[in-house]
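K.L.:
Quick one: structure below, then a few questions.
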Amino acid sequence: MPEWVEKLIEKTLVDSIRFPTVLGESYEAMVDYYREVLSSHGVHVTVHRVDDDYVRKHLPREYNPDKPRYILLARVGSGERVLQFNGHYDVVAAGEGWETPPFQPVVKDGLVYGRGATDMKGGIASVVGALAYVASGKEPEIVVEAALVPDEEIGGLTGTGYLVNVLGSRPDWVVIAEPSGIDNIYIGHRGGVWAMVKVYGVQAHGSTPWLGDNAFEKMVYLAKLFIEEYKPSLAQRRSRFEYEMPEASNPTLTLGGKLVAPGSINIVPGIVGFSVDRRLIVEERADEVVEELRRFLENASARLGVRAELEVMEKSDPALTDPGSHLVRVLEDSITGTLNLKPRKTICVGGLDLRYYAAKNIQAVAYGPGEVGMAHKVNEYVKLADIVKVAETYVDLVYRLSPGTSR
């Protein structure tokens with residue numbers, strides 16, 4: 001990779017970290033920065049403002065729906081086939097405990113520190129460098145597109161979801177620049193069902209508990225059945241694919257991350273509840289898991305003589321791209337040829353925007369620089385060398401997918 005591209009990659013990453021792109025903040029300024037950088041290197045750029053009514057309809061108040069959202073599309077090359085590199089420019093809140101200010105990037109010993117360095121402004125810097133390099137050389141016989149989107153950290157509906165479902169983006173292949181690590185390709189990710197189990201009793205004054213029916217006590221016994229019966233049943237199921245962490249190859253259940261309670265000590269609670277975070281292996285489907293949870297709850301409630309209900313908050317199917325697909329095979333060849341590495345092909349433990357493409361049967365994977373396990377943590381960092389290596393791999397992928405075009 002030429003020195004000017006390496007310098008561009010570093011500058012793009014360092015500059016982008018300075019934008020605190022959390023829940024709508026600095027989105028317009030961030031997109032304007034990327035537009036300026038890409039345009040200055042001969043890349044054609046358009047910016048779409050996500051419909052304001054759509055944003056307000058789909059985002060709750062705590063996600064700042066009154067702040068505008070923007071999607072940047074950048075293109076080089078021409079042809080009938082489209083390779084899209086997807087990256088989200090939003091980041092999670094910094095949190096406490098940083099050794100350096102999270103939005104004042106620090107470059108030290110080949111590392112760049114700052115919120116979003118790994119997740120995923122490092123990946124976007126690789127994409128920017130790759131597009132700038134391709135634009136400076138012979139035009140590929142495919143369209144190479146960058147889609148820089150908001151709101152992945154809050155589900156992606158007003159980012160990649162809008163791009164695919166409303167703007168109608170239909171690339172042939174997609175590489176999401178999420179931090180998979182340079183020796184790993186995410187060919188899919190787990191799904192999830194988030195729900196609340198609400199248990200009902202009769203509220204009364206705490207001084208006269210005999211006049212009430214304590215919903216909390218009922219909830220304890222109900223939660224115990226989830227722990228002792230439902231949770232072990234999930235351990236009997238195992239996916240046939242490799243996951244980035246072996247424990248994730250079984251479905252998992254987490255209870256109690258959120259609780260419902262009246263909020264007063266001197267009350268016999270008439271309604272209480274606990275959250276259910278059910279993660280799906282790729283062989284499962286969200287609607288089927290919802291019904292499975294309902295059936296278990298109905299059976300357990302009947303056994304205990306408890307009135308309870310399941311309120312589904314969010315659900316999403318897993319995503320999977322065939323590991324033998326054209327995109328996966330060519331990307332694997334690019335990684336091996338460029339970096340002399342044989343990449344793993346794994347399922348991501350968490351969720352990714354990949355699911356929006358999978359729902360449209362578009363070949364999509366995630367591959368990008370970053371320290372696995374460093375996302376969302378304090379003192380987040382990324383290796384500069386890895387960002388450059390991934391940019392080189394992206395360029396190689398472009399020309400492998402563009403027969404008849406040499407670098």
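In the structure tokens, each chain is lettered A, B, ... as it comes, each chain's residues begin at 1, and ligands are numbered from 1 in order of appearance.
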Contacts of Ile176 of chain A at 10 Å or less, counting only C-alpha atoms, minus same-chain residues fewer than 4 places along, as a PDB file with N, CA, C and O atoms, in the first residue's frame?

P.N.:
ATOM      1  N   GLN A  84     -20.288  -3.828  -1.975  1.00  0.00           N
ATOM      2  CA  GLN A  84     -20.515  -2.753  -1.003  1.00  0.00           C
ATOM      3  C   GLN A  84     -19.748  -3.029   0.292  1.00  0.00           C
ATOM      4  O   GLN A  84     -19.805  -4.122   0.831  1.00  0.00           O
ATOM      5  N   PHE A  85     -19.041  -2.006   0.753  1.00  0.00           N
ATOM      6  CA  PHE A  85     -18.420  -2.034   2.069  1.00  0.00           C
ATOM      7  C   PHE A  85     -19.289  -1.196   3.004  1.00  0.00           C
ATOM      8  O   PHE A  85     -19.517  -0.015   2.760  1.00  0.00           O
ATOM      9  N   ASN A  86     -19.757  -1.824   4.069  1.00  0.00           N
ATOM     10  CA  ASN A  86     -20.662  -1.162   5.003  1.00  0.00           C
ATOM     11  C   ASN A  86     -19.918  -0.845   6.297  1.00  0.00           C
ATOM     12  O   ASN A  86     -19.148  -1.663   6.798  1.00  0.00           O
ATOM     13  N   GLY A  87     -20.165   0.358   6.827  1.00  0.00           N
ATOM     14  CA  GLY A  87     -19.578   0.718   8.114  1.00  0.00           C
ATOM     15  C   GLY A  87     -20.484   1.657   8.881  1.00  0.00           C
ATOM     16  O   GLY A  87     -21.078   2.563   8.286  1.00  0.00           O
ATOM     17  N   HIS A  88     -20.599   1.454  10.189  1.00  0.00           N
ATOM     18  CA  HIS A  88     -21.416   2.372  10.994  1.00  0.00           C
ATOM     19  C   HIS A  88     -20.513   3.353  11.732  1.00  0.00           C
ATOM     20  O   HIS A  88     -19.516   2.968  12.334  1.00  0.00           O
ATOM     21  N   MET A 120     -16.513   1.302  15.156  1.00  0.00           N
ATOM     22  CA  MET A 120     -15.750   0.672  14.103  1.00  0.00           C
ATOM     23  C   MET A 120     -15.186   1.715  13.139  1.00  0.00           C
ATOM     24  O   MET A 120     -15.202   1.543  11.937  1.00  0.00           O
ATOM     25  N   GLY A 123     -12.425   0.336  10.994  1.00  0.00           N
ATOM     26  CA  GLY A 123     -12.884  -0.326   9.777  1.00  0.00           C
ATOM     27  C   GLY A 123     -13.270   0.659   8.689  1.00  0.00           C
ATOM     28  O   GLY A 123     -12.981   0.451   7.503  1.00  0.00           O
ATOM     29  N   ILE A 124     -13.919   1.751   9.072  1.00  0.00           N
ATOM     30  CA  ILE A 124     -14.275   2.774   8.080  1.00  0.00           C
ATOM     31  C   ILE A 124     -13.022   3.385   7.472  1.00  0.00           C
ATOM     32  O   ILE A 124     -12.968   3.659   6.259  1.00  0.00           O
ATOM     33  N   VAL A 127     -11.870   1.242   4.768  1.00  0.00           N
ATOM     34  CA  VAL A 127     -12.721   1.394   3.587  1.00  0.00           C
ATOM     35  C   VAL A 127     -12.353   2.674   2.829  1.00  0.00           C
ATOM     36  O   VAL A 127     -12.223   2.668   1.602  1.00  0.00           O
ATOM     37  N   ALA A 146     -19.155   2.319  -0.869  1.00  0.00           N
ATOM     38  CA  ALA A 146     -19.104   2.403   0.588  1.00  0.00           C
ATOM     39  C   ALA A 146     -20.446   2.921   1.074  1.00  0.00           C
ATOM     40  O   ALA A 146     -20.968   3.910   0.543  1.00  0.00           O
ATOM     41  N   ALA A 147     -20.996   2.260   2.062  1.00  0.00           N
ATOM     42  CA  ALA A 147     -22.236   2.712   2.698  1.00  0.00           C
ATOM     43  C   ALA A 147     -21.907   2.978   4.164  1.00  0.00           C
ATOM     44  O   ALA A 147     -21.676   2.038   4.935  1.00  0.00           O
ATOM     45  N   SER A 180     -13.786  -8.007  13.211  1.00  0.00           N
ATOM     46  CA  SER A 180     -13.750  -9.462  13.297  1.00  0.00           C
ATOM     47  C   SER A 180     -12.368  -9.957  13.691  1.00  0.00           C
ATOM     48  O   SER A 180     -12.217 -11.090  14.163  1.00  0.00           O
ATOM     49  N   TYR A 186     -16.576 -13.191   9.798  1.00  0.00           N
ATOM     50  CA  TYR A 186     -17.890 -13.514  10.340  1.00  0.00           C
ATOM     51  C   TYR A 186     -18.816 -13.848   9.171  1.00  0.00           C
ATOM     52  O   TYR A 186     -19.149 -12.967   8.363  1.00  0.00           O
ATOM     53  N   LEU A 352     -25.317  -8.134  14.254  1.00  0.00           N
ATOM     54  CA  LEU A 352     -24.701  -7.201  13.304  1.00  0.00           C
ATOM     55  C   LEU A 352     -25.756  -6.731  12.307  1.00  0.00           C
ATOM     56  O   LEU A 352     -26.819  -7.332  12.160  1.00  0.00           O
ATOM     57  N   ASP A 353     -25.433  -5.656  11.580  1.00  0.00           N
ATOM     58  CA  ASP A 353     -26.313  -5.203  10.505  1.00  0.00           C
ATOM     59  C   ASP A 353     -26.394  -6.205   9.361  1.00  0.00           C
ATOM     60  O   ASP A 353     -27.223  -6.048   8.453  1.00  0.00           O
ATOM     61  N   LEU A 354     -25.601  -7.222   9.404  1.00  0.00           N
ATOM     62  CA  LEU A 354     -25.611  -8.267   8.382  1.00  0.00           C
ATOM     63  C   LEU A 354     -27.007  -8.850   8.181  1.00  0.00           C
ATOM     64  O   LEU A 354     -27.365  -9.267   7.079  1.00  0.00           O
ATOM     65  N   ALA A 364     -23.425 -11.614   2.305  1.00  0.00           N
ATOM     66  CA  ALA A 364     -22.834 -10.599   3.179  1.00  0.00           C
ATOM     67  C   ALA A 364     -22.033 -11.263   4.284  1.00  0.00           C
ATOM     68  O   ALA A 364     -22.445 -12.281   4.843  1.00  0.00           O
ATOM     69  N   VAL A 365     -20.890 -10.677   4.579  1.00  0.00           N
ATOM     70  CA  VAL A 365     -20.041 -11.120   5.676  1.00  0.00           C
ATOM     71  C   VAL A 365     -19.538  -9.892   6.410  1.00  0.00           C
ATOM     72  O   VAL A 365     -19.729  -8.753   5.960  1.00  0.00           O
ATOM     73  N   ALA A 366     -18.892 -10.125   7.543  1.00  0.00           N
ATOM     74  CA  ALA A 366     -18.223  -9.032   8.256  1.00  0.00           C
ATOM     75  C   ALA A 366     -16.749  -9.381   8.374  1.00  0.00           C
ATOM     76  O   ALA A 366     -16.392 -10.486   8.795  1.00  0.00           O
ATOM     77  N   TYR A 367     -15.918  -8.430   7.973  1.00  0.00           N
ATOM     78  CA  TYR A 367     -14.469  -8.607   8.075  1.00  0.00           C
ATOM     79  C   TYR A 367     -13.834  -7.236   8.203  1.00  0.00           C
ATOM     80  O   TYR A 367     -14.020  -6.380   7.333  1.00  0.00           O
ATOM     81  N   GLY A 368     -13.142  -7.033   9.305  1.00  0.00           N
ATOM     82  CA  GLY A 368     -12.528  -5.730   9.506  1.00  0.00           C
ATOM     83  C   GLY A 368     -11.500  -5.747  10.614  1.00  0.00           C
ATOM     84  O   GLY A 368     -11.388  -6.720  11.379  1.00  0.00           O
TER      85      GLY A 368
END

K.L.:
List the neighbours of Val55 of chain A out to 10 Å using only C-alpha atoms; skip same-chain residues closer than 3 positions along the sequence, and give me the result as an MDAnalysis selection string.

P.N.:
chainID A and resid 50:52 58:60 63:69 157:159 162

K.L.:
Please compute the atom CA of Gly129 of chain A-atom CA of Val5 of chain A distance, one decimal, in Å.

P.N.:
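That distance, rounded to one decimal, is 5.8 Å.
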
K.L.:
Could you tell me which of A:Leu72, A:Leu384, A:Val202, A:Leu401 comes closest to Lys108 of chain A if we count only C-alpha atoms?

P.N.:
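Of the candidates, the smallest distance to Lys108 of chain A is held by A:Leu384.
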
K.L.:
Taking into account only C-alpha atoms, which residue in the set A:Ala132, A:Met374, A:Leu148, A:Val166 is nearest to Val31 of chain A?

P.N.:
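Among the listed residues, A:Leu148 lies closest to Val31 of chain A.
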
K.L.:
Skip Arg285 of chain A itself and residues of its chain fewer than 2 positions away, then list as a PyMOL selection string all residues within 6 Å of it, counting only C-alpha atoms.

P.N.:
chain A and resi 287-288+317

K.L.:
Go ahead and save the picked residues with N, CA and C atoms, as a PDB file, in the first residue's frame.

P.N.:
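Output file again.pdb is given in full below:
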ATOM      1  N   ASP A 287     -39.396 -16.227  15.614  1.00  0.00           N
ATOM      2  CA  ASP A 287     -40.824 -16.471  15.869  1.00  0.00           C
ATOM      3  C   ASP A 287     -41.038 -17.810  16.565  1.00  0.00           C
ATOM      4  N   GLU A 288     -40.256 -18.812  16.185  1.00  0.00           N
ATOM      5  CA  GLU A 288     -40.386 -20.119  16.813  1.00  0.00           C
ATOM      6  C   GLU A 288     -39.927 -20.079  18.270  1.00  0.00           C
ATOM      7  N   ASP A 317     -33.938 -12.515  13.762  1.00  0.00           N
ATOM      8  CA  ASP A 317     -33.435 -13.811  13.326  1.00  0.00           C
ATOM      9  C   ASP A 317     -31.912 -13.798  13.264  1.00  0.00           C
TER      10      ASP A 317
END

K.L.:
May I have all residues of segment 164-277 of chain A that DSSP, computed from the backbone, assigns to strand (DSSP E or B), given as a PyMOL selection string?

P.N.:
chain A and resi 173-176+184-189+191-200+202+204-205+213+243+252-260+267-268+271-277

K.L.:
I'd like the contact shell of segment 263-269 of chain A - 7 Å cut-off, only C-alpha atoms, skipping same-chain residues fewer than 4 positions apart - returned as a CSV table (one decimal) with all heavy atoms, in the first residue's frame.

P.N.:
chain,number,residue,atom,x,y,z
A,202,VAL,N,-52.1,-9.4,43.7
A,202,VAL,CA,-53.1,-8.4,44.1
A,202,VAL,C,-52.3,-7.4,45.0
A,202,VAL,O,-51.7,-7.8,46.0
A,202,VAL,CB,-54.3,-9.0,44.9
A,202,VAL,CG1,-55.2,-7.9,45.4
A,202,VAL,CG2,-55.0,-9.9,44.0
A,203,GLN,N,-52.3,-6.1,44.7
A,203,GLN,CA,-51.6,-5.1,45.5
A,203,GLN,C,-52.3,-4.8,46.7
A,203,GLN,O,-53.6,-4.8,46.8
A,203,GLN,CB,-51.4,-3.9,44.7
A,203,GLN,CG,-50.5,-2.8,45.4
A,203,GLN,CD,-50.1,-1.7,44.5
A,203,GLN,OE1,-49.6,-1.9,43.4
A,203,GLN,NE2,-50.3,-0.5,44.9
A,204,ALA,N,-51.6,-4.6,47.8
A,204,ALA,CA,-52.2,-4.2,49.1
A,204,ALA,C,-51.1,-3.4,49.9
A,204,ALA,O,-50.0,-3.3,49.5
A,204,ALA,CB,-52.6,-5.5,49.9
A,205,HIS,N,-51.6,-2.9,51.0
A,205,HIS,CA,-50.7,-2.2,51.9
A,205,HIS,C,-49.8,-3.2,52.6
A,205,HIS,O,-50.2,-4.3,53.0
A,205,HIS,CB,-51.5,-1.4,53.0
A,205,HIS,CG,-50.7,-0.3,53.7
A,205,HIS,ND1,-49.7,-0.6,54.6
A,205,HIS,CD2,-50.7,1.0,53.5
A,205,HIS,CE1,-49.2,0.5,55.1
A,205,HIS,NE2,-49.7,1.5,54.4
A,206,GLY,N,-48.5,-2.8,52.8
A,206,GLY,CA,-47.6,-3.7,53.4
A,206,GLY,C,-47.9,-4.1,54.9
A,206,GLY,O,-47.4,-5.1,55.4
A,209,PRO,N,-50.6,-7.6,54.6
A,209,PRO,CA,-50.3,-8.5,53.5
A,209,PRO,C,-51.4,-9.5,53.2
A,209,PRO,O,-51.5,-10.1,52.1
A,209,PRO,CB,-49.0,-9.1,53.9
A,209,PRO,CG,-48.9,-9.0,55.3
A,209,PRO,CD,-49.6,-7.7,55.7
A,212,GLY,N,-53.6,-8.9,50.3
A,212,GLY,CA,-53.0,-8.9,48.9
A,212,GLY,C,-52.6,-10.3,48.5
A,212,GLY,O,-52.8,-11.3,49.2
A,214,ASN,N,-49.0,-11.6,46.8
A,214,ASN,CA,-47.6,-11.1,46.5
A,214,ASN,C,-47.1,-11.7,45.2
A,214,ASN,O,-46.7,-12.8,45.1
A,214,ASN,CB,-46.7,-11.5,47.6
A,214,ASN,CG,-45.4,-10.7,47.5
A,214,ASN,OD1,-44.8,-10.5,46.5
A,214,ASN,ND2,-44.9,-10.2,48.7
A,215,ALA,N,-47.1,-10.8,44.2
A,215,ALA,CA,-46.6,-11.2,42.8
A,215,ALA,C,-45.2,-11.5,42.8
A,215,ALA,O,-44.7,-12.4,42.0
A,215,ALA,CB,-46.9,-10.1,41.8
A,216,PHE,N,-44.4,-10.9,43.7
A,216,PHE,CA,-42.9,-11.1,43.7
A,216,PHE,C,-42.7,-12.6,44.1
A,216,PHE,O,-41.8,-13.3,43.5
A,216,PHE,CB,-42.3,-10.2,44.7
A,216,PHE,CG,-40.8,-10.5,44.9
A,216,PHE,CD1,-39.8,-10.1,44.0
A,216,PHE,CD2,-40.4,-11.2,46.0
A,216,PHE,CE1,-38.5,-10.4,44.2
A,216,PHE,CE2,-39.0,-11.6,46.2
A,216,PHE,CZ,-38.1,-11.1,45.3

K.L.:
Find the residues around Tyr394 of chain A up to 10 Å (only C-alpha atoms counted), leave out those fewer than 4 positions away in its own chain, and share them as an MDAnalysis selection string.

P.N.:
chainID A and resid 85 126:127 129:131 134 175 177 331 334:335 338 367:368 388:390 398:400

K.L.:
Which residues come within 10 Å of segment 28-30 of chain A, counting only C-alpha atoms, excluding same-chain residues fewer than 4 positions away, as a list in words?

P.N.:
Asp15, Ser16, Ile17, Arg18, Phe19, Pro20, Thr21, Gly24, Tyr34, Arg35, Val47, Arg49, Lys67, Pro68, Arg69, Tyr70, Ile71, Tyr89 and Asp90 of chain A

K.L.:
Between A:Gly122, A:Leu225, A:Ser40, A:Gly201, which one has atoms that come closest to Leu304 of chain A, using only C-alpha atoms?

P.N.:
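Among A:Gly122, A:Leu225, A:Ser40, A:Gly201, it is A:Leu225 that comes nearest to Leu304 of chain A.
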
K.L.:
Contacts of Trp98 of chain A at 8 Å or less, counting only C-alpha atoms, minus same-chain residues fewer than 3 places along, as a list in words?

P.N.:
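Contacts, with the query itself left out: Gly95, Pro101, Pro102, Val378 and Asn379 of chain A.
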
K.L.:
Restricting it to N, CA and C atoms, dump the selection as an mmCIF file, in the first residue's frame.

P.N.:
data_model
loop_
_atom_site.group_PDB
_atom_site.id
_atom_site.type_symbol
_atom_site.label_atom_id
_atom_site.label_comp_id
_atom_site.auth_asym_id
_atom_site.auth_seq_id
_atom_site.Cartn_x
_atom_site.Cartn_y
_atom_site.Cartn_z
ATOM 1 N N GLY A 95 -18.442 6.250 28.755
ATOM 2 C CA GLY A 95 -18.358 5.668 30.083
ATOM 3 C C GLY A 95 -17.217 6.268 30.885
ATOM 4 N N PRO A 101 -8.699 11.166 27.443
ATOM 5 C CA PRO A 101 -10.046 11.567 27.030
ATOM 6 C C PRO A 101 -10.515 10.740 25.831
ATOM 7 N N PRO A 102 -11.694 10.114 25.899
ATOM 8 C CA PRO A 102 -12.123 9.153 24.883
ATOM 9 C C PRO A 102 -12.304 9.733 23.492
ATOM 10 N N VAL A 378 -13.546 0.682 28.028
ATOM 11 C CA VAL A 378 -12.721 1.876 28.230
ATOM 12 C C VAL A 378 -11.338 1.606 27.652
ATOM 13 N N ASN A 379 -10.648 2.718 27.305
ATOM 14 C CA ASN A 379 -9.308 2.643 26.715
ATOM 15 C C ASN A 379 -9.292 1.808 25.433
#

K.L.:
Going by DSSP on the backbone, which bits of segment 29-206 of chain A are helix (DSSP H, G or I)? Write them as JSON, numbers by chain, please.

P.N.:
{"A": [29, 30, 31, 32, 33, 34, 35, 36, 37, 38, 39, 52, 53, 54, 55, 56, 57, 58, 61, 62, 63, 117, 118, 119, 120, 121, 122, 123, 124, 125, 126, 127, 128, 129, 130, 131, 132, 133, 134, 135, 136, 152, 153, 154, 160, 161, 162, 163, 164, 165]}

K.L.:
Measure the distance from atom CA of Thr254 of chain A to atom CA of Glu283 of chain A in Å and round it to one decimal.

P.N.:
19.4 Å

K.L.:
May I ask which of the residues A:Asp32, A:Glu10, A:Glu217, A:Asp396 is the closest one to Tyr113 of chain A, counting only C-alpha atoms?

P.N.:
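Looking at the shortest contact to Tyr113 of chain A, the residue is A:Glu10.
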